[in-house]
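Text of the file data-v8.cif, holding mmCIF, C-alpha atoms, pLDDT in the B column; chains and numbers go by the auth columns:
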data_coords
loop_
_atom_site.group_PDB
_atom_site.id
_atom_site.type_symbol
_atom_site.label_atom_id
_atom_site.label_comp_id
_atom_site.label_asym_id
_atom_site.label_seq_id
_atom_site.Cartn_x
_atom_site.Cartn_y
_atom_site.Cartn_z
_atom_site.B_iso_or_equiv
_atom_site.auth_seq_id
_atom_site.auth_asym_id
ATOM 1 C CA MET A 1 0.000 0.000 0.000 47.00 1 A
ATOM 2 C CA LEU A 2 1.368 3.420 -0.973 48.00 2 A
ATOM 3 C CA PRO A 3 1.409 6.176 1.632 52.00 3 A
ATOM 4 C CA LEU A 4 -0.593 9.144 0.372 54.00 4 A
ATOM 5 C CA LEU A 5 1.326 11.921 2.105 52.00 5 A
ATOM 6 C CA SER A 6 4.814 10.492 2.287 54.00 6 A
ATOM 7 C CA SER A 7 6.530 13.578 0.857 56.00 7 A
ATOM 8 C CA THR A 8 4.505 16.173 2.795 55.00 8 A
ATOM 9 C CA PRO A 9 7.017 16.646 5.642 56.00 9 A
ATOM 10 C CA ASP A 10 9.822 17.090 3.117 58.00 10 A
ATOM 11 C CA VAL A 11 7.850 19.786 1.295 52.00 11 A
ATOM 12 C CA PHE A 12 7.055 21.525 4.605 52.00 12 A
ATOM 13 C CA HIS A 13 10.704 21.648 5.597 55.00 13 A
ATOM 14 C CA ALA A 14 11.865 22.771 2.148 58.00 14 A
ATOM 15 C CA VAL A 15 9.438 25.697 2.123 54.00 15 A
ATOM 16 C CA GLY A 16 9.800 26.476 5.807 56.00 16 A
ATOM 17 C CA ALA A 17 6.109 26.006 6.550 53.00 17 A
ATOM 18 C CA THR A 18 4.510 24.373 9.534 56.00 18 A
ATOM 19 C CA ASP A 19 0.981 23.697 8.287 55.00 19 A
ATOM 20 C CA LEU A 20 -0.959 23.197 5.046 55.00 20 A
ATOM 21 C CA LEU A 21 -2.406 26.722 5.012 53.00 21 A
ATOM 22 C CA THR A 22 1.029 28.320 5.090 55.00 22 A
ATOM 23 C CA LEU A 23 2.162 25.930 2.395 51.00 23 A
ATOM 24 C CA ALA A 24 -0.820 26.731 0.157 56.00 24 A
ATOM 25 C CA VAL A 25 -0.562 30.487 0.587 56.00 25 A
ATOM 26 C CA GLY A 26 3.204 30.680 0.515 54.00 26 A
ATOM 27 C CA THR A 27 3.773 28.731 -2.670 53.00 27 A
ATOM 28 C CA THR A 28 1.120 30.276 -4.893 53.00 28 A
ATOM 29 C CA PRO A 29 3.066 31.969 -7.699 54.00 29 A
ATOM 30 C CA THR A 30 1.449 35.187 -8.824 61.00 30 A
ATOM 31 C CA GLU A 31 3.658 35.461 -11.875 69.00 31 A
ATOM 32 C CA ASN A 32 2.098 32.280 -13.308 73.00 32 A
ATOM 33 C CA ALA A 33 -1.474 33.468 -12.775 71.00 33 A
ATOM 34 C CA PRO A 34 -3.583 33.709 -15.959 72.00 34 A
ATOM 35 C CA ASP A 35 -4.071 37.164 -17.428 70.00 35 A
ATOM 36 C CA THR A 36 -7.812 37.879 -17.285 72.00 36 A
ATOM 37 C CA GLY A 37 -7.646 41.507 -18.347 71.00 37 A
ATOM 38 C CA GLY A 38 -9.374 40.943 -21.672 78.00 38 A
ATOM 39 C CA LEU A 39 -11.689 38.159 -20.526 77.00 39 A
ATOM 40 C CA ALA A 40 -14.740 40.404 -20.089 72.00 40 A
ATOM 41 C CA ASP A 41 -14.203 41.968 -23.512 76.00 41 A
ATOM 42 C CA PHE A 42 -13.778 38.538 -25.099 81.00 42 A
ATOM 43 C CA LEU A 43 -16.953 37.181 -23.479 78.00 43 A
ATOM 44 C CA ARG A 44 -18.889 40.322 -24.398 78.00 44 A
ATOM 45 C CA GLY A 45 -17.687 40.029 -27.999 83.00 45 A
ATOM 46 C CA PHE A 46 -18.536 36.334 -28.148 84.00 46 A
ATOM 47 C CA PHE A 47 -21.913 36.260 -26.391 84.00 47 A
ATOM 48 C CA GLY A 48 -23.134 39.703 -27.522 83.00 48 A
ATOM 49 C CA PRO A 49 -24.065 38.715 -31.066 87.00 49 A
ATOM 50 C CA LEU A 50 -25.438 35.389 -29.814 89.00 50 A
ATOM 51 C CA PHE A 51 -27.668 37.270 -27.364 88.00 51 A
ATOM 52 C CA LEU A 52 -28.943 39.543 -30.136 88.00 52 A
ATOM 53 C CA VAL A 53 -29.722 36.603 -32.423 91.00 53 A
ATOM 54 C CA ILE A 54 -31.678 34.793 -29.707 91.00 54 A
ATOM 55 C CA VAL A 55 -33.609 37.961 -28.812 90.00 55 A
ATOM 56 C CA SER A 56 -34.446 38.527 -32.476 90.00 56 A
ATOM 57 C CA ILE A 57 -35.682 34.978 -33.016 92.00 57 A
ATOM 58 C CA VAL A 58 -37.885 34.997 -29.925 91.00 58 A
ATOM 59 C CA ALA A 59 -39.257 38.463 -30.742 90.00 59 A
ATOM 60 C CA VAL A 60 -40.169 37.410 -34.286 91.00 60 A
ATOM 61 C CA PHE A 61 -41.849 34.281 -32.872 90.00 61 A
ATOM 62 C CA PHE A 62 -43.983 36.390 -30.520 88.00 62 A
ATOM 63 C CA LEU A 63 -44.946 38.742 -33.355 87.00 63 A
ATOM 64 C CA PHE A 64 -45.956 35.912 -35.695 89.00 64 A
ATOM 65 C CA THR A 65 -48.083 34.260 -33.016 89.00 65 A
ATOM 66 C CA ARG A 66 -49.705 37.654 -32.315 87.00 66 A
ATOM 67 C CA GLU A 67 -48.856 37.621 -28.626 88.00 67 A
ATOM 68 C CA ILE A 68 -48.297 41.354 -28.309 89.00 68 A
ATOM 69 C CA THR A 69 -48.333 41.382 -24.491 90.00 69 A
ATOM 70 C CA ARG A 70 -45.663 38.705 -24.252 90.00 70 A
ATOM 71 C CA PHE A 71 -43.701 40.450 -26.981 89.00 71 A
ATOM 72 C CA ALA A 72 -43.708 43.715 -25.020 90.00 72 A
ATOM 73 C CA GLN A 73 -42.713 41.926 -21.792 91.00 73 A
ATOM 74 C CA PHE A 74 -39.931 40.091 -23.570 90.00 74 A
ATOM 75 C CA ILE A 75 -38.570 43.235 -25.231 91.00 75 A
ATOM 76 C CA ILE A 76 -38.512 45.107 -21.906 93.00 76 A
ATOM 77 C CA LEU A 77 -36.681 42.201 -20.265 91.00 77 A
ATOM 78 C CA ALA A 78 -34.265 41.907 -23.195 91.00 78 A
ATOM 79 C CA ILE A 79 -33.486 45.632 -23.048 91.00 79 A
ATOM 80 C CA PHE A 80 -32.769 45.389 -19.318 89.00 80 A
ATOM 81 C CA ILE A 81 -30.509 42.353 -19.792 86.00 81 A
ATOM 82 C CA GLY A 82 -28.796 44.048 -22.748 86.00 82 A
ATOM 83 C CA ILE A 83 -28.047 47.148 -20.683 85.00 83 A
ATOM 84 C CA VAL A 84 -26.549 45.051 -17.899 81.00 84 A
ATOM 85 C CA PHE A 85 -24.590 43.015 -20.450 78.00 85 A
ATOM 86 C CA TYR A 86 -23.255 45.815 -22.659 80.00 86 A
ATOM 87 C CA VAL A 87 -22.612 48.472 -19.976 82.00 87 A
ATOM 88 C CA PRO A 88 -20.185 46.771 -17.578 73.00 88 A
ATOM 89 C CA GLY A 89 -20.137 49.450 -14.845 82.00 89 A
ATOM 90 C CA ILE A 90 -23.916 49.735 -14.544 82.00 90 A
ATOM 91 C CA ILE A 91 -24.232 47.154 -11.753 79.00 91 A
ATOM 92 C CA GLU A 92 -21.826 49.056 -9.523 82.00 92 A
ATOM 93 C CA VAL A 93 -23.587 52.351 -10.255 85.00 93 A
ATOM 94 C CA ILE A 94 -26.987 50.840 -9.425 84.00 94 A
ATOM 95 C CA ALA A 95 -25.666 49.257 -6.230 83.00 95 A
ATOM 96 C CA VAL A 96 -24.129 52.546 -5.044 87.00 96 A
ATOM 97 C CA ALA A 97 -27.316 54.451 -5.896 88.00 97 A
ATOM 98 C CA LEU A 98 -29.474 51.955 -3.990 89.00 98 A
ATOM 99 C CA ALA A 99 -27.139 52.049 -0.999 87.00 99 A
ATOM 100 C CA ARG A 100 -27.205 55.855 -0.921 89.00 100 A
ATOM 101 C CA ALA A 101 -30.993 55.849 -1.245 90.00 101 A
ATOM 102 C CA MET A 102 -31.204 53.590 1.814 91.00 102 A
ATOM 103 C CA GLY A 103 -28.860 55.865 3.746 88.00 103 A
ATOM 104 C CA VAL A 104 -25.789 53.612 3.744 84.00 104 A
ATOM 105 C CA SER A 105 -22.393 55.292 3.462 81.00 105 A
ATOM 106 C CA THR A 106 -20.623 54.160 0.285 75.00 106 A
ATOM 107 C CA GLU A 107 -17.202 55.646 0.918 74.00 107 A
#

Please express the file's structure as structure tokens.
Amino acid sequence: MLPLLSSTPDVFHAVGATDLLTLAVGTTPTENAPDTGGLADFLRGFFGPLFLVIVSIVAVFFLFTREITRFAQFIILAIFIGIVFYVPGIIEVIAVALARAMGVSTE
């Protein structure tokens, strides 16, 4: 039977750590972390046109079936989701505005 943690004490002594938390925090290299700076722009560029196509198809379906009330509800919801999706800072602005309206300090 193979011991599961046979090299753990050696790793602790090599790093100078005394517990697993120190080992996990102390050996995490920040220089090897993935660069996520353009991730939001990439996702917005990828899912933006897909979102518009889906909204268009569903809207045309509601118009052809003559469900004007559902069409109006869907368009209002799609506009709200589109604003949240295409304007990235809007969630923070809304949260700060709501907090100030409730009397919470936001500084």

Quick one, how far is CA of Phe85 (chain A) from CA of Leu52 (chain A)? 11.2 Å

Would you list the contacts of Val55 (chain A) as a PDB file with C-alpha atoms, in the frame of the given file, taking every protein, DNA or RNA residue within 9 Å and counting all atoms listed in the file, but skipping same-chain residues closer than 6 positions in sequence?
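Below is the file that was written, result_36.pdb:
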ATOM      1  CA  PHE A  74     -39.931  40.091 -23.570  1.00 90.00           C
ATOM      2  CA  ILE A  75     -38.570  43.235 -25.231  1.00 91.00           C
ATOM      3  CA  ALA A  78     -34.265  41.907 -23.195  1.00 91.00           C
TER       4      ALA A  78
END

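With CA of Phe47 (chain A) on one side and CA of Leu77 (chain A) on the other, the separation reads 17.1 Å.
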
Could you tell me how far CA of Pro49 (chain A) lies from CA of Asp35 (chain A), in Å and to one decimal? 24.3 Å

Tell me which residues come within 12 Å of (-19.7, 45.9, -20.6), as a ChimeraX atom specification, counting all atoms listed in the file in the file's coordinates. /A:38-45,47-48,81-92

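Selection result for the displayed file, with the PyMOL selection byres ((chain A and resi 106) around 12) as criterion, is Glu92, Val93, Ala95, Val96, Ala97, Leu98, Ala99, Arg100, Ala101, Met102, Gly103, Val104, Ser105 and Glu107 of chain A.
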
Atom completion result for region 42-60 of chain A (N, CA, C and O atoms) as a PDB file, in the coordinates of the input:
ATOM      1  N   PHE A  42     -13.633  39.717 -24.248  1.00 81.00           N
ATOM      2  CA  PHE A  42     -13.778  38.538 -25.099  1.00 81.00           C
ATOM      3  C   PHE A  42     -15.169  37.935 -24.954  1.00 81.00           C
ATOM      4  O   PHE A  42     -15.831  37.620 -25.943  1.00 81.00           O
ATOM      5  N   LEU A  43     -15.631  37.767 -23.707  1.00 78.00           N
ATOM      6  CA  LEU A  43     -16.953  37.181 -23.479  1.00 78.00           C
ATOM      7  C   LEU A  43     -18.059  38.078 -24.027  1.00 78.00           C
ATOM      8  O   LEU A  43     -19.036  37.588 -24.598  1.00 78.00           O
ATOM      9  N   ARG A  44     -17.894  39.386 -23.871  1.00 78.00           N
ATOM     10  CA  ARG A  44     -18.889  40.322 -24.398  1.00 78.00           C
ATOM     11  C   ARG A  44     -18.918  40.254 -25.926  1.00 78.00           C
ATOM     12  O   ARG A  44     -19.985  40.276 -26.540  1.00 78.00           O
ATOM     13  N   GLY A  45     -17.746  40.131 -26.540  1.00 83.00           N
ATOM     14  CA  GLY A  45     -17.687  40.029 -27.999  1.00 83.00           C
ATOM     15  C   GLY A  45     -18.203  38.712 -28.522  1.00 83.00           C
ATOM     16  O   GLY A  45     -18.721  38.633 -29.632  1.00 83.00           O
ATOM     17  N   PHE A  46     -18.081  37.658 -27.711  1.00 84.00           N
ATOM     18  CA  PHE A  46     -18.536  36.334 -28.148  1.00 84.00           C
ATOM     19  C   PHE A  46     -20.031  36.153 -27.924  1.00 84.00           C
ATOM     20  O   PHE A  46     -20.757  35.685 -28.797  1.00 84.00           O
ATOM     21  N   PHE A  47     -20.515  36.510 -26.720  1.00 84.00           N
ATOM     22  CA  PHE A  47     -21.913  36.260 -26.391  1.00 84.00           C
ATOM     23  C   PHE A  47     -22.837  37.399 -26.798  1.00 84.00           C
ATOM     24  O   PHE A  47     -24.053  37.216 -26.838  1.00 84.00           O
ATOM     25  N   GLY A  48     -22.296  38.578 -27.106  1.00 83.00           N
ATOM     26  CA  GLY A  48     -23.134  39.703 -27.522  1.00 83.00           C
ATOM     27  C   GLY A  48     -23.933  39.415 -28.774  1.00 83.00           C
ATOM     28  O   GLY A  48     -25.172  39.540 -28.764  1.00 83.00           O
ATOM     29  N   PRO A  49     -23.292  39.038 -29.863  1.00 87.00           N
ATOM     30  CA  PRO A  49     -24.065  38.715 -31.066  1.00 87.00           C
ATOM     31  C   PRO A  49     -24.998  37.512 -30.878  1.00 87.00           C
ATOM     32  O   PRO A  49     -26.110  37.496 -31.412  1.00 87.00           O
ATOM     33  N   LEU A  50     -24.575  36.541 -30.100  1.00 89.00           N
ATOM     34  CA  LEU A  50     -25.438  35.389 -29.814  1.00 89.00           C
ATOM     35  C   LEU A  50     -26.693  35.831 -29.069  1.00 89.00           C
ATOM     36  O   LEU A  50     -27.804  35.379 -29.370  1.00 89.00           O
ATOM     37  N   PHE A  51     -26.533  36.728 -28.111  1.00 88.00           N
ATOM     38  CA  PHE A  51     -27.668  37.270 -27.364  1.00 88.00           C
ATOM     39  C   PHE A  51     -28.630  37.990 -28.311  1.00 88.00           C
ATOM     40  O   PHE A  51     -29.852  37.809 -28.235  1.00 88.00           O
ATOM     41  N   LEU A  52     -28.088  38.808 -29.212  1.00 88.00           N
ATOM     42  CA  LEU A  52     -28.943  39.543 -30.136  1.00 88.00           C
ATOM     43  C   LEU A  52     -29.693  38.624 -31.092  1.00 88.00           C
ATOM     44  O   LEU A  52     -30.863  38.857 -31.402  1.00 88.00           O
ATOM     45  N   VAL A  53     -29.055  37.555 -31.533  1.00 91.00           N
ATOM     46  CA  VAL A  53     -29.722  36.603 -32.423  1.00 91.00           C
ATOM     47  C   VAL A  53     -30.869  35.910 -31.702  1.00 91.00           C
ATOM     48  O   VAL A  53     -31.974  35.764 -32.238  1.00 91.00           O
ATOM     49  N   ILE A  54     -30.628  35.480 -30.474  1.00 91.00           N
ATOM     50  CA  ILE A  54     -31.678  34.793 -29.707  1.00 91.00           C
ATOM     51  C   ILE A  54     -32.840  35.737 -29.435  1.00 91.00           C
ATOM     52  O   ILE A  54     -34.013  35.353 -29.573  1.00 91.00           O
ATOM     53  N   VAL A  55     -32.544  36.981 -29.054  1.00 90.00           N
ATOM     54  CA  VAL A  55     -33.609  37.961 -28.812  1.00 90.00           C
ATOM     55  C   VAL A  55     -34.409  38.197 -30.088  1.00 90.00           C
ATOM     56  O   VAL A  55     -35.643  38.256 -30.061  1.00 90.00           O
ATOM     57  N   SER A  56     -33.744  38.300 -31.212  1.00 90.00           N
ATOM     58  CA  SER A  56     -34.446  38.527 -32.476  1.00 90.00           C
ATOM     59  C   SER A  56     -35.363  37.377 -32.836  1.00 90.00           C
ATOM     60  O   SER A  56     -36.508  37.584 -33.250  1.00 90.00           O
ATOM     61  N   ILE A  57     -34.867  36.157 -32.668  1.00 92.00           N
ATOM     62  CA  ILE A  57     -35.682  34.978 -33.016  1.00 92.00           C
ATOM     63  C   ILE A  57     -36.916  34.891 -32.131  1.00 92.00           C
ATOM     64  O   ILE A  57     -38.036  34.658 -32.613  1.00 92.00           O
ATOM     65  N   VAL A  58     -36.741  35.086 -30.839  1.00 91.00           N
ATOM     66  CA  VAL A  58     -37.885  34.997 -29.925  1.00 91.00           C
ATOM     67  C   VAL A  58     -38.867  36.137 -30.184  1.00 91.00           C
ATOM     68  O   VAL A  58     -40.094  35.935 -30.152  1.00 91.00           O
ATOM     69  N   ALA A  59     -38.371  37.330 -30.462  1.00 90.00           N
ATOM     70  CA  ALA A  59     -39.257  38.463 -30.742  1.00 90.00           C
ATOM     71  C   ALA A  59     -40.075  38.221 -32.004  1.00 90.00           C
ATOM     72  O   ALA A  59     -41.280  38.489 -32.037  1.00 90.00           O
ATOM     73  N   VAL A  60     -39.444  37.717 -33.049  1.00 91.00           N
ATOM     74  CA  VAL A  60     -40.169  37.410 -34.286  1.00 91.00           C
ATOM     75  C   VAL A  60     -41.210  36.322 -34.033  1.00 91.00           C
ATOM     76  O   VAL A  60     -42.333  36.386 -34.548  1.00 91.00           O
TER      77      VAL A  60
END
